[in-house]
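Structure file input.txt (compact mmCIF, N, CA and C atoms) is printed below.
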```
# COMPACT_ATOMS: atom_id res chain seq x y z
N ILE C 1 28.02 97.74 74.59
CA ILE C 1 27.57 96.56 73.88
C ILE C 1 28.74 95.73 73.35
N TYR C 2 29.87 96.38 73.10
CA TYR C 2 31.00 95.64 72.54
C TYR C 2 31.52 94.59 73.52
N ILE C 3 31.66 94.96 74.77
CA ILE C 3 32.14 94.00 75.77
C ILE C 3 31.13 92.88 75.93
N SER C 4 29.87 93.23 76.03
CA SER C 4 28.82 92.21 76.17
C SER C 4 28.82 91.27 74.98
N ALA C 5 28.96 91.83 73.78
CA ALA C 5 28.94 91.00 72.58
C ALA C 5 30.11 90.04 72.54
N LEU C 6 31.28 90.51 72.96
CA LEU C 6 32.48 89.68 72.88
C LEU C 6 32.64 88.74 74.06
N ARG C 7 32.06 89.08 75.18
CA ARG C 7 32.29 88.31 76.40
C ARG C 7 31.11 87.43 76.82
N PHE C 8 29.89 87.96 76.66
CA PHE C 8 28.74 87.27 77.24
C PHE C 8 27.77 86.69 76.23
N GLY C 9 27.76 87.18 75.03
CA GLY C 9 26.81 86.69 74.04
C GLY C 9 25.45 87.31 74.22
N GLY C 10 24.40 86.52 74.01
CA GLY C 10 23.05 87.05 74.12
C GLY C 10 22.70 87.88 72.90
N LYS C 11 21.99 88.98 73.12
CA LYS C 11 21.53 89.83 72.02
C LYS C 11 22.59 90.78 71.46
N PRO C 12 23.55 91.26 72.25
CA PRO C 12 24.53 92.20 71.68
C PRO C 12 25.29 91.71 70.44
N PRO C 13 25.67 90.43 70.34
CA PRO C 13 26.35 90.02 69.11
C PRO C 13 25.49 90.21 67.86
N THR C 14 24.17 90.18 68.04
CA THR C 14 23.27 90.40 66.91
C THR C 14 23.51 91.76 66.28
N LEU C 15 23.80 92.76 67.11
CA LEU C 15 24.07 94.09 66.56
C LEU C 15 25.32 94.09 65.70
N LEU C 16 26.36 93.41 66.17
CA LEU C 16 27.60 93.34 65.39
C LEU C 16 27.36 92.60 64.07
N GLU C 17 26.57 91.53 64.13
CA GLU C 17 26.25 90.78 62.92
C GLU C 17 25.43 91.63 61.94
N MET C 18 24.48 92.40 62.48
CA MET C 18 23.68 93.30 61.64
C MET C 18 24.57 94.34 60.96
N ALA C 19 25.56 94.82 61.68
CA ALA C 19 26.48 95.80 61.11
C ALA C 19 27.33 95.16 60.00
N LEU C 20 27.79 93.95 60.24
CA LEU C 20 28.57 93.24 59.22
C LEU C 20 27.75 93.00 57.96
N ASP C 21 26.45 92.75 58.15
CA ASP C 21 25.55 92.51 57.02
C ASP C 21 25.08 93.80 56.34
N GLY C 22 25.47 94.96 56.89
CA GLY C 22 25.07 96.23 56.32
C GLY C 22 23.66 96.67 56.67
N GLN C 23 23.05 96.02 57.64
CA GLN C 23 21.68 96.38 58.04
C GLN C 23 21.65 97.63 58.91
N ILE C 24 22.70 97.83 59.69
CA ILE C 24 22.83 99.02 60.53
C ILE C 24 24.28 99.49 60.44
N GLU C 25 24.49 100.70 60.92
CA GLU C 25 25.86 101.21 60.99
C GLU C 25 26.19 101.47 62.46
N LEU C 26 27.29 100.89 62.91
CA LEU C 26 27.79 101.12 64.25
C LEU C 26 29.00 102.03 64.17
N ALA C 27 29.07 102.98 65.08
CA ALA C 27 30.20 103.91 65.11
C ALA C 27 31.05 103.64 66.35
N ILE C 28 32.32 103.93 66.22
CA ILE C 28 33.23 103.80 67.36
C ILE C 28 34.31 104.87 67.26
N SER C 29 34.76 105.32 68.40
CA SER C 29 35.86 106.28 68.46
C SER C 29 37.06 105.58 69.08
N ASP C 30 38.22 106.22 68.99
CA ASP C 30 39.42 105.66 69.61
C ASP C 30 39.22 105.48 71.11
N ALA C 31 38.58 106.45 71.77
CA ALA C 31 38.38 106.37 73.22
C ALA C 31 37.54 105.17 73.61
N ILE C 32 36.49 104.90 72.85
CA ILE C 32 35.63 103.75 73.16
C ILE C 32 36.35 102.44 72.88
N LEU C 33 37.07 102.38 71.77
CA LEU C 33 37.83 101.17 71.46
C LEU C 33 38.88 100.90 72.53
N GLU C 34 39.60 101.93 72.93
CA GLU C 34 40.63 101.76 73.97
C GLU C 34 40.01 101.30 75.30
N GLU C 35 38.88 101.89 75.68
CA GLU C 35 38.23 101.48 76.92
C GLU C 35 37.75 100.03 76.83
N THR C 36 37.17 99.67 75.70
CA THR C 36 36.69 98.30 75.51
C THR C 36 37.83 97.30 75.63
N LEU C 37 38.91 97.55 74.93
CA LEU C 37 40.05 96.63 74.98
C LEU C 37 40.68 96.61 76.37
N GLY C 38 40.71 97.75 77.04
CA GLY C 38 41.24 97.81 78.40
C GLY C 38 40.43 96.98 79.38
N VAL C 39 39.12 97.05 79.26
CA VAL C 39 38.25 96.25 80.14
C VAL C 39 38.43 94.77 79.84
N LEU C 40 38.48 94.41 78.57
CA LEU C 40 38.69 93.00 78.22
C LEU C 40 40.02 92.49 78.74
N ARG C 41 41.04 93.33 78.69
CA ARG C 41 42.37 92.94 79.19
C ARG C 41 42.39 92.86 80.72
N ASP C 42 41.92 93.92 81.38
CA ASP C 42 42.07 94.03 82.83
C ASP C 42 41.04 93.23 83.62
N LYS C 43 39.82 93.27 83.19
CA LYS C 43 38.75 92.60 83.94
C LYS C 43 38.56 91.14 83.52
N PHE C 44 38.80 90.86 82.24
CA PHE C 44 38.54 89.52 81.72
C PHE C 44 39.80 88.79 81.27
N GLN C 45 40.96 89.35 81.62
CA GLN C 45 42.26 88.73 81.38
C GLN C 45 42.46 88.19 79.96
N ARG C 46 42.06 88.97 78.98
CA ARG C 46 42.29 88.58 77.59
C ARG C 46 43.77 88.76 77.26
N THR C 47 44.29 87.83 76.49
CA THR C 47 45.70 87.89 76.08
C THR C 47 45.87 88.94 74.97
N ALA C 48 47.11 89.28 74.70
CA ALA C 48 47.40 90.24 73.64
C ALA C 48 46.88 89.74 72.30
N GLU C 49 47.01 88.45 72.06
CA GLU C 49 46.52 87.86 70.82
C GLU C 49 44.99 87.96 70.73
N GLU C 50 44.31 87.65 71.83
CA GLU C 50 42.85 87.76 71.85
C GLU C 50 42.40 89.20 71.65
N LEU C 51 43.12 90.13 72.27
CA LEU C 51 42.78 91.55 72.11
C LEU C 51 42.95 92.00 70.67
N GLN C 52 43.97 91.52 70.00
CA GLN C 52 44.16 91.85 68.59
C GLN C 52 43.00 91.34 67.75
N ARG C 53 42.53 90.13 68.04
CA ARG C 53 41.39 89.56 67.30
C ARG C 53 40.13 90.37 67.58
N HIS C 54 39.91 90.72 68.86
CA HIS C 54 38.74 91.52 69.22
C HIS C 54 38.77 92.88 68.52
N GLU C 55 39.94 93.51 68.52
CA GLU C 55 40.07 94.82 67.88
C GLU C 55 39.78 94.72 66.38
N ALA C 56 40.32 93.70 65.75
CA ALA C 56 40.09 93.52 64.31
C ALA C 56 38.60 93.30 64.03
N TYR C 57 37.95 92.51 64.86
CA TYR C 57 36.52 92.25 64.66
C TYR C 57 35.70 93.52 64.86
N ILE C 58 35.97 94.24 65.94
CA ILE C 58 35.23 95.47 66.22
C ILE C 58 35.43 96.48 65.09
N THR C 59 36.65 96.66 64.64
CA THR C 59 36.89 97.66 63.60
C THR C 59 36.27 97.25 62.26
N THR C 60 36.10 95.95 62.05
CA THR C 60 35.43 95.47 60.85
C THR C 60 33.93 95.78 60.90
N CYS C 61 33.36 95.76 62.10
CA CYS C 61 31.92 95.95 62.29
C CYS C 61 31.52 97.42 62.39
N THR C 62 32.47 98.31 62.54
CA THR C 62 32.14 99.69 62.89
C THR C 62 32.74 100.70 61.92
N ARG C 63 32.20 101.90 62.01
CA ARG C 63 32.76 103.05 61.29
C ARG C 63 33.48 103.90 62.32
N HIS C 64 34.72 104.20 62.07
CA HIS C 64 35.53 105.00 62.99
C HIS C 64 35.17 106.47 62.83
N VAL C 65 34.90 107.13 63.96
CA VAL C 65 34.63 108.56 63.95
C VAL C 65 35.59 109.26 64.91
N VAL C 66 35.81 110.52 64.66
CA VAL C 66 36.67 111.34 65.51
C VAL C 66 35.81 112.45 66.11
N PRO C 67 35.45 112.32 67.38
CA PRO C 67 34.64 113.37 68.02
C PRO C 67 35.38 114.70 68.02
N THR C 68 34.61 115.77 67.83
CA THR C 68 35.19 117.11 67.83
C THR C 68 34.72 117.91 69.03
N GLU C 69 33.88 117.29 69.83
CA GLU C 69 33.31 117.97 70.99
C GLU C 69 33.62 117.15 72.24
N THR C 70 33.96 117.83 73.33
CA THR C 70 34.20 117.18 74.61
C THR C 70 33.01 117.50 75.52
N LEU C 71 32.38 116.47 76.04
CA LEU C 71 31.17 116.64 76.86
C LEU C 71 31.40 116.28 78.31
N ASP C 72 30.53 116.79 79.15
CA ASP C 72 30.49 116.44 80.57
C ASP C 72 29.02 116.45 81.00
N ASP C 73 28.24 115.56 80.38
CA ASP C 73 26.79 115.56 80.57
C ASP C 73 26.24 114.31 81.24
N VAL C 74 27.10 113.34 81.55
CA VAL C 74 26.63 112.10 82.18
C VAL C 74 26.99 112.12 83.65
N PRO C 75 26.00 112.35 84.50
CA PRO C 75 26.29 112.32 85.93
C PRO C 75 26.61 110.90 86.38
N GLY C 76 27.63 110.76 87.18
CA GLY C 76 27.95 109.45 87.75
C GLY C 76 28.98 108.64 87.02
N ASP C 77 29.25 108.93 85.75
CA ASP C 77 30.24 108.15 85.01
C ASP C 77 30.79 108.98 83.86
N ALA C 78 31.86 109.67 84.10
CA ALA C 78 32.44 110.58 83.12
C ALA C 78 32.83 109.86 81.82
N ASP C 79 33.24 108.58 81.90
CA ASP C 79 33.63 107.85 80.69
C ASP C 79 32.47 107.69 79.71
N ASP C 80 31.24 107.71 80.22
CA ASP C 80 30.08 107.56 79.34
C ASP C 80 29.92 108.75 78.41
N ASN C 81 30.55 109.86 78.74
CA ASN C 81 30.51 111.02 77.86
C ASN C 81 31.16 110.70 76.51
N ARG C 82 32.12 109.77 76.50
CA ARG C 82 32.77 109.41 75.25
C ARG C 82 31.75 108.79 74.28
N VAL C 83 30.77 108.07 74.82
CA VAL C 83 29.73 107.47 73.98
C VAL C 83 28.89 108.58 73.34
N LEU C 84 28.52 109.57 74.12
CA LEU C 84 27.74 110.68 73.58
C LEU C 84 28.54 111.43 72.52
N GLU C 85 29.81 111.65 72.79
CA GLU C 85 30.68 112.35 71.83
C GLU C 85 30.76 111.58 70.51
N CYS C 86 30.88 110.27 70.61
CA CYS C 86 30.94 109.41 69.43
C CYS C 86 29.63 109.49 68.65
N ALA C 87 28.52 109.42 69.36
CA ALA C 87 27.21 109.46 68.71
C ALA C 87 26.99 110.78 67.98
N ILE C 88 27.42 111.87 68.58
CA ILE C 88 27.29 113.18 67.93
C ILE C 88 28.16 113.23 66.68
N ALA C 89 29.40 112.78 66.79
CA ALA C 89 30.32 112.79 65.65
C ALA C 89 29.80 111.91 64.51
N ALA C 90 29.11 110.84 64.85
CA ALA C 90 28.59 109.91 63.84
C ALA C 90 27.23 110.33 63.30
N ASP C 91 26.66 111.39 63.88
CA ASP C 91 25.32 111.84 63.51
C ASP C 91 24.32 110.68 63.70
N SER C 92 24.43 110.02 64.85
CA SER C 92 23.62 108.85 65.15
C SER C 92 22.16 109.21 65.42
N GLU C 93 21.30 108.27 65.12
CA GLU C 93 19.89 108.39 65.46
C GLU C 93 19.61 107.74 66.81
N VAL C 94 20.39 106.71 67.14
CA VAL C 94 20.17 105.92 68.34
C VAL C 94 21.51 105.54 68.97
N ILE C 95 21.55 105.55 70.29
CA ILE C 95 22.65 104.95 71.05
C ILE C 95 22.08 103.68 71.65
N VAL C 96 22.74 102.57 71.42
CA VAL C 96 22.32 101.30 71.99
C VAL C 96 23.30 100.94 73.09
N SER C 97 22.76 100.76 74.30
CA SER C 97 23.63 100.55 75.46
C SER C 97 22.88 99.80 76.55
N GLY C 98 23.66 99.16 77.39
CA GLY C 98 23.12 98.55 78.61
C GLY C 98 23.52 99.35 79.83
N ASP C 99 24.21 100.46 79.63
CA ASP C 99 24.74 101.26 80.72
C ASP C 99 23.63 102.08 81.38
N ALA C 100 23.49 101.92 82.69
CA ALA C 100 22.41 102.57 83.44
C ALA C 100 22.49 104.09 83.37
N HIS C 101 23.71 104.65 83.42
CA HIS C 101 23.85 106.11 83.37
C HIS C 101 23.36 106.68 82.05
N LEU C 102 23.67 106.00 80.96
CA LEU C 102 23.20 106.47 79.66
C LEU C 102 21.71 106.24 79.50
N LEU C 103 21.24 105.08 79.91
CA LEU C 103 19.82 104.78 79.77
C LEU C 103 18.95 105.75 80.56
N THR C 104 19.46 106.22 81.69
CA THR C 104 18.72 107.19 82.51
C THR C 104 18.48 108.47 81.73
N LEU C 105 19.40 108.84 80.85
CA LEU C 105 19.22 110.04 80.04
C LEU C 105 18.02 109.90 79.10
N GLY C 106 17.83 108.69 78.56
CA GLY C 106 16.71 108.44 77.66
C GLY C 106 16.89 109.00 76.26
N ARG C 107 17.37 110.22 76.19
CA ARG C 107 17.58 110.91 74.92
C ARG C 107 18.63 111.98 75.16
N PHE C 108 19.47 112.20 74.16
CA PHE C 108 20.48 113.25 74.28
C PHE C 108 20.59 113.95 72.93
N ARG C 109 20.29 115.23 72.93
CA ARG C 109 20.34 116.04 71.70
C ARG C 109 19.61 115.37 70.55
N GLY C 110 18.46 114.82 70.85
CA GLY C 110 17.64 114.19 69.83
C GLY C 110 18.02 112.76 69.51
N ILE C 111 19.07 112.25 70.14
CA ILE C 111 19.51 110.87 69.92
C ILE C 111 18.88 110.00 70.99
N GLU C 112 18.08 109.04 70.57
CA GLU C 112 17.42 108.14 71.51
C GLU C 112 18.42 107.15 72.08
N ILE C 113 18.26 106.80 73.35
CA ILE C 113 19.15 105.84 74.01
C ILE C 113 18.31 104.63 74.42
N LEU C 114 18.63 103.48 73.84
CA LEU C 114 17.84 102.27 74.01
C LEU C 114 18.69 101.10 74.46
N ARG C 115 18.04 100.16 75.13
CA ARG C 115 18.66 98.86 75.41
C ARG C 115 18.71 98.06 74.10
N VAL C 116 19.58 97.06 74.05
CA VAL C 116 19.70 96.22 72.86
C VAL C 116 18.35 95.61 72.51
N SER C 117 17.67 95.06 73.50
CA SER C 117 16.39 94.39 73.24
C SER C 117 15.36 95.36 72.67
N GLU C 118 15.35 96.60 73.16
CA GLU C 118 14.41 97.61 72.65
C GLU C 118 14.73 97.94 71.19
N PHE C 119 16.00 98.09 70.90
CA PHE C 119 16.41 98.40 69.54
C PHE C 119 16.04 97.26 68.59
N LEU C 120 16.33 96.04 68.98
CA LEU C 120 16.02 94.89 68.13
C LEU C 120 14.52 94.74 67.95
N GLN C 121 13.74 95.00 68.98
CA GLN C 121 12.29 94.92 68.88
C GLN C 121 11.76 95.92 67.86
N ARG C 122 12.31 97.11 67.87
CA ARG C 122 11.88 98.13 66.89
C ARG C 122 12.14 97.67 65.47
N GLY C 123 13.28 97.00 65.29
CA GLY C 123 13.58 96.47 63.96
C GLY C 123 12.59 95.43 63.53
N GLU C 124 12.19 94.56 64.44
CA GLU C 124 11.20 93.53 64.13
C GLU C 124 9.87 94.17 63.83
N ASP C 125 9.51 95.21 64.54
CA ASP C 125 8.23 95.90 64.30
C ASP C 125 8.20 96.53 62.92
N ARG C 126 9.36 97.01 62.43
CA ARG C 126 9.40 97.62 61.10
C ARG C 126 9.26 96.60 59.99
N VAL C 127 9.73 95.37 60.25
CA VAL C 127 9.67 94.31 59.25
C VAL C 127 8.23 93.80 59.09
N ARG C 128 7.49 93.81 60.15
CA ARG C 128 6.12 93.26 60.11
C ARG C 128 5.19 94.11 59.29
```

Can the structure in the file be given as C-alpha cells, please?
Amino acid sequence: IYISALRFGGKPPTLLEMALDGQIELAISDAILEETLGVLRDKFQRTAEELQRHEAYITTCTRHVVPTETLDDVPGDADDNRVLECAIAADSEVIVSGDAHLLTLGRFRGIEILRVSEFLQRGEDRVR
C-alpha cells in the first residue's frame, strides 16, 4: 500500500491519512521500508531527495516494529513473508494489501488480509 499511496493515489493514501489522524495504526519494519524505497528508486526513478521525503512521510505515518520471527509461508513471492513477519511483530488484527499472493492467503495466524477498499468499507460500516 505504501507504493500505491505514494505513486498512484486512489484509496491507499486514505490509510496513511487515517494513521496520521490516529484513527488506525500502521506498522512497518526495516525490510518493508527498504523494499518500498528500493521500488520507488528503481522502478519509478525517484531521486534521492524524493526518497528522503517519502521515507520521512512513511515513518511519520507508521509504528516501527522489529520482527523476531523469519517466515517462509507465502508461495510465489518470498518477499511477502516480510509483511507477515511485520504483522506478527505488531500484533496486527488486519493486513491491508493489494498483493495477490497475500490476498490469496485470506488469513494468517488469525490476522485477516484485506484489500484497501474492503478495509475502508468495514470502517464505514462501523460508523453507521

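Our summary of the geometry notes that CA of Glu50 in chain C is positioned 18.4 Å from CA of Asp30 in chain C.
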
Within 8 Å of range 100-109 of chain C: each range 17-83 of chain C residue with its shortest pair, all atoms listed in the file, as JSON lines:
```
{"residue": "C:Val74", "atom": "CA", "partner": "C:His101", "partner_atom": "C", "distance": 6.3}
{"residue": "C:Pro75", "atom": "C", "partner": "C:His101", "partner_atom": "CA", "distance": 6.3}
{"residue": "C:Gly76", "atom": "C", "partner": "C:His101", "partner_atom": "CA", "distance": 6.8}
{"residue": "C:Asp77", "atom": "N", "partner": "C:His101", "partner_atom": "CA", "distance": 6.5}
{"residue": "C:Asp80", "atom": "CA", "partner": "C:Leu102", "partner_atom": "N", "distance": 6.8}
```

Write a file of the selected residues as an mmCIF file, keeping the file's coordinate frame, keeping N, CA and C atoms.
```
data_model
loop_
_atom_site.group_PDB
_atom_site.id
_atom_site.type_symbol
_atom_site.label_atom_id
_atom_site.label_comp_id
_atom_site.auth_asym_id
_atom_site.auth_seq_id
_atom_site.Cartn_x
_atom_site.Cartn_y
_atom_site.Cartn_z
ATOM 1 N N VAL C 74 27.100 113.340 81.550
ATOM 2 C CA VAL C 74 26.630 112.100 82.180
ATOM 3 C C VAL C 74 26.990 112.120 83.650
ATOM 4 N N PRO C 75 26.000 112.350 84.500
ATOM 5 C CA PRO C 75 26.290 112.320 85.930
ATOM 6 C C PRO C 75 26.610 110.900 86.380
ATOM 7 N N GLY C 76 27.630 110.760 87.180
ATOM 8 C CA GLY C 76 27.950 109.450 87.750
ATOM 9 C C GLY C 76 28.980 108.640 87.020
ATOM 10 N N ASP C 77 29.250 108.930 85.750
ATOM 11 C CA ASP C 77 30.240 108.150 85.010
ATOM 12 C C ASP C 77 30.790 108.980 83.860
ATOM 13 N N ASP C 80 31.240 107.710 80.220
ATOM 14 C CA ASP C 80 30.080 107.560 79.340
ATOM 15 C C ASP C 80 29.920 108.750 78.410
#
```

### Per-residue DSSP, chain C, filtered to helix (DSSP H, G or I), as a ChimeraX atom specification
/C:2-7,12-20,30-42,48-61,78-89,100-105,116-127

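One distance worth recording is that between atom C of Glu112 in chain C and atom N of Ala56 in chain C, which is 26.5 Å.
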
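For the pair CA of Leu114 in chain C and CA of Val96 in chain C, the separation is 5.0 Å.
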
#### Entry: Protein, DNA and RNA residues within 12 Å of (25.4, 92.3, 77.6), only C-alpha atoms, as a list in words
Ile1, Tyr2, Ile3, Ser4, Ala5, Leu6, Arg7, Phe8, Gly9, Gly10, Lys11, Pro12, Pro13, Thr14, Leu15, Val96, Ser97, Gly98, Asp99, Arg115, Val116 and Ser117 of chain C

Report the closest atom pair, with its distance in Å rounded to one decimal, for each residue of range 32-109 of chain C that has an atom no farther than 7 Å from range 16-22 of chain C; count all atoms listed in the file, sort by chain and then rising residue number, and write it as a tab-separated table.
```
residue	atom	partner	partner_atom	distance
C:Thr60	C	C:Leu20	CA	6.2
C:Cys61	CA	C:Leu20	N	5.0
C:Thr62	N	C:Ala19	C	6.5
```

### Task
Name the residues of range 25-124 of chain C that come out as strand (DSSP E or B) in a backbone DSSP run; write them as an NGL selection string.
:C and (26-28 or 62-64 or 94-96 or 107-108 or 111-114)
